[in-house]
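Data block for upload_22.cif (mmCIF, C-alpha atoms and all ligand atoms):
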```
data_coords
#
loop_
_atom_site.label_atom_id
_atom_site.label_comp_id
_atom_site.auth_asym_id
_atom_site.auth_seq_id
_atom_site.Cartn_x
_atom_site.Cartn_y
_atom_site.Cartn_z
CA MET E 1 6.83 -67.19 -48.63
CA ILE E 2 3.63 -65.61 -49.90
CA ASP E 3 2.44 -66.05 -53.48
CA LEU E 4 0.72 -62.91 -54.73
CA TYR E 5 -1.58 -63.36 -57.70
CA TYR E 6 -1.05 -60.03 -59.35
CA TYR E 7 -1.90 -57.89 -62.35
CA THR E 8 -1.35 -54.15 -62.76
CA SER E 9 -4.42 -52.85 -60.92
CA PRO E 10 -5.15 -50.71 -57.85
CA ASN E 11 -6.61 -53.65 -55.94
CA ALA E 12 -3.59 -55.88 -56.51
CA ARG E 13 -1.20 -53.00 -55.83
CA LYS E 14 -2.64 -52.65 -52.31
CA ILE E 15 -1.21 -56.05 -51.45
CA LEU E 16 2.10 -55.38 -53.18
CA ILE E 17 2.56 -52.20 -51.11
CA ALA E 18 1.49 -53.92 -47.87
CA LEU E 19 3.94 -56.80 -48.43
CA GLU E 20 6.75 -54.30 -49.06
CA GLU E 21 5.79 -52.14 -46.10
CA LEU E 22 5.69 -55.19 -43.84
CA GLY E 23 8.94 -56.64 -45.17
CA LEU E 24 7.34 -59.99 -45.98
CA GLU E 25 8.88 -62.29 -48.57
CA TYR E 26 6.71 -62.74 -51.62
CA ASN E 27 6.63 -64.15 -55.07
CA ILE E 28 4.57 -62.61 -57.85
CA LYS E 29 2.32 -64.96 -59.81
CA TRP E 30 1.46 -62.93 -62.87
CA THR E 31 -2.29 -63.24 -63.53
CA ASP E 32 -3.28 -61.55 -66.77
CA ILE E 33 -6.92 -60.57 -66.35
CA THR E 34 -7.03 -59.33 -69.96
CA ALA E 35 -6.11 -62.83 -71.16
CA GLY E 36 -8.55 -64.72 -68.90
CA ASP E 37 -6.04 -66.11 -66.35
CA GLN E 38 -8.56 -65.28 -63.60
CA PHE E 39 -10.90 -67.98 -64.95
CA ALA E 40 -8.31 -70.80 -64.97
CA GLU E 41 -9.35 -73.76 -62.82
CA GLU E 42 -6.26 -73.54 -60.55
CA TYR E 43 -6.88 -69.84 -59.98
CA VAL E 44 -10.59 -70.27 -59.18
CA GLU E 45 -9.52 -72.67 -56.41
CA VAL E 46 -7.68 -69.73 -54.81
CA ASN E 47 -10.21 -67.05 -55.73
CA PRO E 48 -13.70 -68.34 -56.55
CA ASN E 49 -14.64 -64.78 -57.62
CA SER E 50 -12.08 -64.73 -60.48
CA LYS E 51 -10.52 -61.33 -59.73
CA VAL E 52 -7.10 -60.15 -58.61
CA PRO E 53 -5.62 -60.00 -56.04
CA ALA E 54 -5.36 -63.30 -54.19
CA ILE E 55 -2.59 -64.79 -52.10
CA VAL E 56 -1.42 -68.15 -50.86
CA ASP E 57 0.61 -67.94 -47.66
CA CYS E 58 2.61 -71.19 -47.49
CA ASP E 59 3.20 -70.44 -43.82
CA GLY E 60 -0.33 -69.55 -42.76
CA PRO E 61 -2.02 -70.05 -39.38
CA ASP E 62 -0.51 -73.04 -37.49
CA GLY E 63 1.97 -73.44 -40.35
CA ARG E 64 -0.82 -74.50 -42.73
CA PRO E 65 -1.07 -72.96 -46.22
CA LEU E 66 -3.69 -70.23 -46.44
CA PRO E 67 -5.30 -69.23 -49.73
CA LEU E 68 -7.08 -65.87 -49.43
CA PHE E 69 -8.98 -63.55 -51.77
CA GLU E 70 -10.56 -60.05 -51.50
CA SER E 71 -8.03 -57.28 -51.00
CA GLY E 72 -9.58 -56.08 -47.73
CA ALA E 73 -9.42 -59.53 -46.15
CA ILE E 74 -5.82 -59.95 -47.35
CA LEU E 75 -4.79 -56.58 -45.87
CA ILE E 76 -6.33 -57.50 -42.50
CA TYR E 77 -4.66 -60.91 -42.58
CA LEU E 78 -1.20 -59.48 -43.34
CA ALA E 79 -1.60 -56.83 -40.64
CA GLU E 80 -2.63 -59.43 -38.06
CA LYS E 81 0.14 -61.81 -39.12
CA THR E 82 2.77 -59.16 -38.45
CA GLY E 83 1.07 -57.07 -35.75
CA LYS E 84 1.59 -53.93 -37.85
CA LEU E 85 -0.56 -51.43 -39.79
CA LEU E 86 -3.66 -52.21 -37.67
CA PRO E 87 -3.93 -50.44 -34.31
CA ALA E 88 -4.07 -52.59 -31.15
CA ASP E 89 -6.55 -50.23 -29.51
CA PRO E 90 -9.98 -51.84 -30.22
CA VAL E 91 -11.75 -48.59 -31.10
CA LEU E 92 -9.07 -47.58 -33.59
CA ARG E 93 -8.85 -51.16 -34.85
CA TYR E 94 -12.56 -51.29 -35.75
CA GLU E 95 -12.37 -47.80 -37.21
CA THR E 96 -9.54 -49.00 -39.46
CA ILE E 97 -11.52 -52.07 -40.50
CA ALA E 98 -14.57 -49.86 -41.23
CA TRP E 99 -12.49 -47.66 -43.58
CA VAL E 100 -11.07 -50.74 -45.32
CA PHE E 101 -14.63 -51.98 -45.88
CA TRP E 102 -15.63 -48.49 -47.00
CA GLN E 103 -12.86 -48.55 -49.58
CA VAL E 104 -13.63 -51.96 -51.04
CA ALA E 105 -17.40 -51.32 -51.11
CA ASN E 106 -17.38 -47.70 -52.30
CA GLN E 107 -14.22 -46.06 -53.62
CA GLY E 108 -13.02 -49.11 -55.58
CA PRO E 109 -16.22 -50.17 -57.35
CA MET E 110 -17.52 -46.63 -57.97
CA ALA E 111 -14.15 -45.53 -59.43
CA GLY E 112 -14.12 -48.67 -61.58
CA GLN E 113 -17.62 -47.97 -62.94
CA ALA E 114 -16.86 -44.27 -63.44
CA ALA E 115 -13.79 -45.15 -65.54
CA HIS E 116 -15.74 -47.81 -67.39
CA PHE E 117 -18.60 -45.55 -68.48
CA SER E 118 -16.51 -42.43 -69.09
CA THR E 119 -13.56 -44.03 -70.91
CA TYR E 120 -13.75 -47.72 -71.79
CA ALA E 121 -17.40 -48.11 -72.85
CA PRO E 122 -17.41 -45.04 -75.19
CA LYS E 123 -14.22 -46.33 -76.88
CA ALA E 124 -16.15 -49.51 -77.65
CA GLY E 125 -19.08 -47.52 -79.02
CA HIS E 126 -21.26 -47.48 -75.89
CA ASP E 127 -21.65 -43.93 -74.65
CA ILE E 128 -24.44 -44.03 -72.07
CA PRO E 129 -24.94 -40.55 -70.54
CA TYR E 130 -27.13 -41.84 -67.70
CA ALA E 131 -24.49 -44.33 -66.52
CA ARG E 132 -21.65 -41.89 -67.12
CA GLY E 133 -23.39 -39.22 -65.01
CA ARG E 134 -24.52 -41.60 -62.28
CA TYR E 135 -21.02 -42.97 -61.59
CA ALA E 136 -19.28 -39.61 -62.02
CA ASN E 137 -21.60 -38.19 -59.33
CA GLU E 138 -21.14 -41.13 -57.03
CA ILE E 139 -17.32 -41.22 -57.23
CA ASN E 140 -17.24 -37.48 -56.54
CA ARG E 141 -19.48 -38.01 -53.50
CA VAL E 142 -17.09 -40.73 -52.29
CA TYR E 143 -14.07 -38.42 -52.67
CA LYS E 144 -15.92 -35.69 -50.74
CA VAL E 145 -16.47 -38.18 -47.87
CA LEU E 146 -12.73 -38.92 -47.75
CA ASP E 147 -11.78 -35.27 -48.16
CA ASP E 148 -14.03 -34.17 -45.29
CA HIS E 149 -12.68 -36.97 -43.11
CA LEU E 150 -9.07 -35.98 -43.80
CA GLU E 151 -9.65 -32.30 -43.08
CA ASP E 152 -8.16 -32.49 -39.57
CA ARG E 153 -6.15 -35.72 -39.86
CA GLU E 154 -2.80 -36.75 -41.26
CA TYR E 155 -3.86 -40.38 -41.82
CA ILE E 156 -7.29 -41.99 -42.17
CA VAL E 157 -7.33 -43.45 -38.64
CA GLY E 158 -5.67 -42.09 -35.53
CA ASP E 159 -2.22 -40.62 -36.04
CA SER E 160 -0.52 -43.53 -37.76
CA TYR E 161 -0.34 -45.16 -41.15
CA THR E 162 -2.65 -48.21 -41.43
CA ILE E 163 -4.04 -50.64 -43.98
CA ALA E 164 -6.95 -48.19 -44.46
CA ASP E 165 -4.46 -45.71 -45.96
CA ILE E 166 -2.96 -48.35 -48.24
CA ALA E 167 -6.41 -49.45 -49.46
CA SER E 168 -7.45 -45.94 -50.55
CA PHE E 169 -4.06 -44.70 -51.70
CA THR E 170 -3.69 -47.13 -54.61
CA TRP E 171 -6.91 -45.67 -56.02
CA THR E 172 -6.17 -41.99 -55.37
CA ARG E 173 -2.79 -42.33 -57.13
CA VAL E 174 -4.70 -43.11 -60.35
CA ALA E 175 -7.71 -40.86 -59.62
CA LYS E 176 -7.33 -38.93 -62.89
CA GLY E 177 -8.24 -42.05 -64.85
CA HIS E 178 -11.50 -42.22 -62.90
CA GLY E 179 -12.41 -38.66 -63.84
CA ILE E 180 -11.33 -37.17 -60.49
CA ALA E 181 -9.24 -34.00 -60.28
CA LEU E 182 -7.40 -34.35 -56.96
CA GLY E 183 -7.08 -30.54 -56.86
CA ASP E 184 -10.82 -30.48 -56.07
CA TYR E 185 -10.09 -32.52 -52.94
CA PRO E 186 -7.14 -30.77 -51.27
CA ASN E 187 -7.09 -32.93 -48.13
CA VAL E 188 -7.04 -36.11 -50.20
CA ALA E 189 -4.31 -34.61 -52.41
CA ARG E 190 -2.13 -33.72 -49.39
CA TRP E 191 -2.63 -37.14 -47.77
CA SER E 192 -2.02 -39.01 -51.07
CA ALA E 193 1.22 -37.05 -51.67
CA LEU E 194 2.41 -37.89 -48.14
CA ILE E 195 1.89 -41.61 -48.71
CA ALA E 196 3.42 -41.51 -52.19
CA GLU E 197 6.73 -40.57 -50.53
CA ARG E 198 6.95 -43.83 -48.58
CA PRO E 199 9.52 -46.19 -50.14
CA ALA E 200 7.06 -49.12 -50.08
CA ALA E 201 4.47 -47.05 -51.97
CA LYS E 202 7.00 -46.58 -54.78
CA VAL E 203 7.53 -50.32 -55.30
CA LYS E 204 7.92 -51.37 -58.92
CA VAL E 205 7.34 -54.80 -60.39
CA ASN E 206 10.44 -55.80 -62.26
CA ASP E 207 8.73 -57.62 -65.10
CA ALA E 208 8.29 -56.57 -68.74
CA ARG E 209 4.65 -57.69 -68.50
CA GLU E 210 3.99 -54.86 -66.03
CA ALA E 211 5.04 -52.19 -68.57
CA GLN E 212 3.04 -53.95 -71.28
CA ALA E 213 -0.04 -54.09 -69.01
CA MET E 214 0.21 -50.38 -68.25
CA HIS E 215 0.36 -49.71 -71.96
CA ASP E 216 -2.57 -52.07 -72.75
CA ASN E 217 -4.62 -50.44 -70.02
CA LYS E 218 -4.83 -47.27 -72.11
CA ASN E 219 -5.98 -49.06 -75.20
CA TYR E 220 -7.35 -52.58 -74.84
CA SER E 221 -7.64 -54.71 -77.97
CA LYS E 222 -11.11 -55.99 -78.87
CA GLU E 223 -10.24 -59.40 -77.38
CA GLN E 224 -8.88 -57.91 -74.16
CA PHE E 225 -12.00 -55.73 -73.82
CA GLN E 226 -14.26 -58.77 -74.25
CA THR E 227 -12.28 -60.84 -71.71
CA LEU E 228 -12.14 -58.09 -69.11
CA PHE E 229 -15.58 -56.50 -69.41
CA ARG E 230 -17.61 -59.30 -70.95
CA PRO E 231 -20.38 -57.15 -72.45
CA GLU E 232 -21.74 -60.25 -74.17
CA GLY E 233 -21.38 -62.59 -71.21
CA GLN E 234 -18.67 -64.88 -69.84
CA SER E 235 -15.61 -65.05 -72.09
CA VAL E 236 -14.41 -68.46 -70.97
N1 LIG E 301 -13.47 -56.63 -54.18
C1 LIG E 301 -12.35 -57.16 -54.90
C2 LIG E 301 -12.30 -56.51 -56.27
C3 LIG E 301 -11.20 -57.10 -57.13
C4 LIG E 301 -11.30 -56.59 -58.57
O1 LIG E 301 -12.31 -56.05 -59.01
N2 LIG E 301 -10.22 -56.83 -59.31
C5 LIG E 301 -10.20 -56.44 -60.72
C6 LIG E 301 -8.91 -55.69 -61.01
S1 LIG E 301 -8.82 -54.18 -60.09
C7 LIG E 301 -10.22 -57.70 -61.57
O2 LIG E 301 -9.57 -58.68 -61.22
N3 LIG E 301 -10.94 -57.70 -62.70
C8 LIG E 301 -10.96 -58.82 -63.58
C9 LIG E 301 -12.34 -59.19 -64.03
O3 LIG E 301 -13.31 -58.51 -63.68
O4 LIG E 301 -12.45 -60.19 -64.78
C10 LIG E 301 -11.06 -56.90 -54.11
O5 LIG E 301 -11.01 -55.85 -53.45
O6 LIG E 301 -10.16 -57.75 -54.13
#
```
For the file at hand, write its structure as structure tokens.
Amino acid sequence: MIDLYYYTSPNARKILIALEELGLEYNIKWTDITAGDQFAEEYVEVNPNSKVPAIVDCDGPDGRPLPLFESGAILIYLAEKTGKLLPADPVLRYETIAWVFWQVANQGPMAGQAAHFSTYAPKAGHDIPYARGRYANEINRVYKVLDDHLEDREYIVGDSYTIADIASFTWTRVAKGHGIALGDYPNVARWSALIAERPAAKVKVNDAREAQAMHDNKNYSKEQFQTLFRPEGQSV
């Protein structure tokens, strides 16, 4: 059994989709990042960086429990554990790992900052045109990289679905919120629609807190904003 420390977010959803796709048994440990659960002592033992996702695999390597954080590392671990979603061919394998790193170092953080400065910060009275423009430009550059790459490919690496696709898909499915019109990136749009049809990509979390979180996400309270974005420093 794998415990998934989860909150409604593209990074945590990567792991949810991978667990479903791989048919692994899991248990969701709801971790409300708008209430500060990520700073709780027990959670920091699993993820010293205080972000979701994280997992604990009770049946890790040699049967020992394995706590793991960082969505890219978790995706690679789950793929290696099952021998799926990561090509065996070394060239394709490293290419897949490179695109996973690309996602966690570029698409994720740039989309997050673009949404922050275009939507969340202005709502809290901080409209900073320089930051808004900088991250809007950068996230559009990132989407152009992916769009060019997908021009003559069905999936990101080789001709099969891999963890690189899962990593990017959870962000493209909410691209609008990051100021991206997928219509401007037709190859990304086609690829994203293809993945959206997979049953595992449609997984829903059967918990009232999920619906509440999706609602909150559109309009954080002052307290939630402070806990999540910490404009005045650490909230704990
Ligand atoms: N590089 C990390 C990023 C994780 C991340 O930024 N998670 C966000 C949600 S998408 C979070 O937990 N934010 C809470 C906070 O910043 O306090 C990963 O890929 O796992």
Residues within 10 Å of ligand LIG 301 (chain E), counting all atoms listed in the file, as a short mmCIF file (atom, residue, chain, number, x, y, z; two decimals) with C-alpha atoms, in the frame of the given file:
```cif
data_model
loop_
_atom_site.label_atom_id
_atom_site.label_comp_id
_atom_site.auth_asym_id
_atom_site.auth_seq_id
_atom_site.Cartn_x
_atom_site.Cartn_y
_atom_site.Cartn_z
CA TYR E 5 -1.58 -63.36 -57.70
CA TYR E 6 -1.05 -60.03 -59.35
CA TYR E 7 -1.90 -57.89 -62.35
CA THR E 8 -1.35 -54.15 -62.76
CA SER E 9 -4.42 -52.85 -60.92
CA PRO E 10 -5.15 -50.71 -57.85
CA ASN E 11 -6.61 -53.65 -55.94
CA ALA E 12 -3.59 -55.88 -56.51
CA ARG E 13 -1.20 -53.00 -55.83
CA LYS E 14 -2.64 -52.65 -52.31
CA ILE E 15 -1.21 -56.05 -51.45
CA THR E 31 -2.29 -63.24 -63.53
CA ASP E 32 -3.28 -61.55 -66.77
CA ILE E 33 -6.92 -60.57 -66.35
CA THR E 34 -7.03 -59.33 -69.96
CA ALA E 35 -6.11 -62.83 -71.16
CA GLY E 36 -8.55 -64.72 -68.90
CA ASP E 37 -6.04 -66.11 -66.35
CA GLN E 38 -8.56 -65.28 -63.60
CA PHE E 39 -10.90 -67.98 -64.95
CA ASN E 47 -10.21 -67.05 -55.73
CA ASN E 49 -14.64 -64.78 -57.62
CA SER E 50 -12.08 -64.73 -60.48
CA LYS E 51 -10.52 -61.33 -59.73
CA VAL E 52 -7.10 -60.15 -58.61
CA PRO E 53 -5.62 -60.00 -56.04
CA ALA E 54 -5.36 -63.30 -54.19
CA LEU E 68 -7.08 -65.87 -49.43
CA PHE E 69 -8.98 -63.55 -51.77
CA GLU E 70 -10.56 -60.05 -51.50
CA SER E 71 -8.03 -57.28 -51.00
CA GLY E 72 -9.58 -56.08 -47.73
CA ALA E 73 -9.42 -59.53 -46.15
CA ILE E 74 -5.82 -59.95 -47.35
CA LEU E 75 -4.79 -56.58 -45.87
CA VAL E 100 -11.07 -50.74 -45.32
CA PHE E 101 -14.63 -51.98 -45.88
CA GLN E 103 -12.86 -48.55 -49.58
CA VAL E 104 -13.63 -51.96 -51.04
CA ALA E 105 -17.40 -51.32 -51.11
CA ASN E 106 -17.38 -47.70 -52.30
CA GLY E 108 -13.02 -49.11 -55.58
CA PRO E 109 -16.22 -50.17 -57.35
CA GLY E 112 -14.12 -48.67 -61.58
CA ALA E 167 -6.41 -49.45 -49.46
CA TRP E 171 -6.91 -45.67 -56.02
CA GLN E 226 -14.26 -58.77 -74.25
CA THR E 227 -12.28 -60.84 -71.71
CA LEU E 228 -12.14 -58.09 -69.11
CA PHE E 229 -15.58 -56.50 -69.41
CA ARG E 230 -17.61 -59.30 -70.95
CA GLN E 234 -18.67 -64.88 -69.84
CA SER E 235 -15.61 -65.05 -72.09
#
```
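Using all atoms listed in the file, the smallest distance between any of E:Val157, E:Leu194, E:Ala189, E:Ile166 and Glu20 of chain E comes from E:Ile166.
In this comparison, which uses all atoms listed in the file, the residue of E:Val188, E:Ile76, E:Val142, E:Ile28 approaching Glu210 of chain E most closely is E:Ile28.
Counting from atom CA of Leu85 of chain E, the distance to atom CA of Ile163 of chain E is 5.5 Å.
Residue nearest Glu151 of chain E within the list E:Tyr135, E:Tyr77, E:Tyr26, E:Tyr185: E:Tyr185 [criterion: smallest interatomic distance, only C-alpha atoms].
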Within 10 Å of segment 115-119 of chain E, counting all atoms listed in the file, which residues qualify if same-chain residues fewer than 4 places away don't, as a ChimeraX atom specification? /E:109-111,123-124,126-136,139,175-180,218,229
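Proximity to Arg209 of chain E was assessed for E:Lys29, E:Asp165, E:Ala18, E:Pro231 counting all atoms listed in the file; the smallest distance is recorded for E:Lys29.
Going from atom CA of Asp59 of chain E over to atom CA of Asp89 of chain E, you cover 26.6 Å.
Atom to atom, atom CA of Gln107 of chain E and atom CA of Ile195 of chain E stand 17.4 Å apart.
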Counting only C-alpha atoms, closest pick from E:Leu22, E:Ile17, E:Leu66, E:Ala201 relative to Lys84 of chain E is E:Leu22
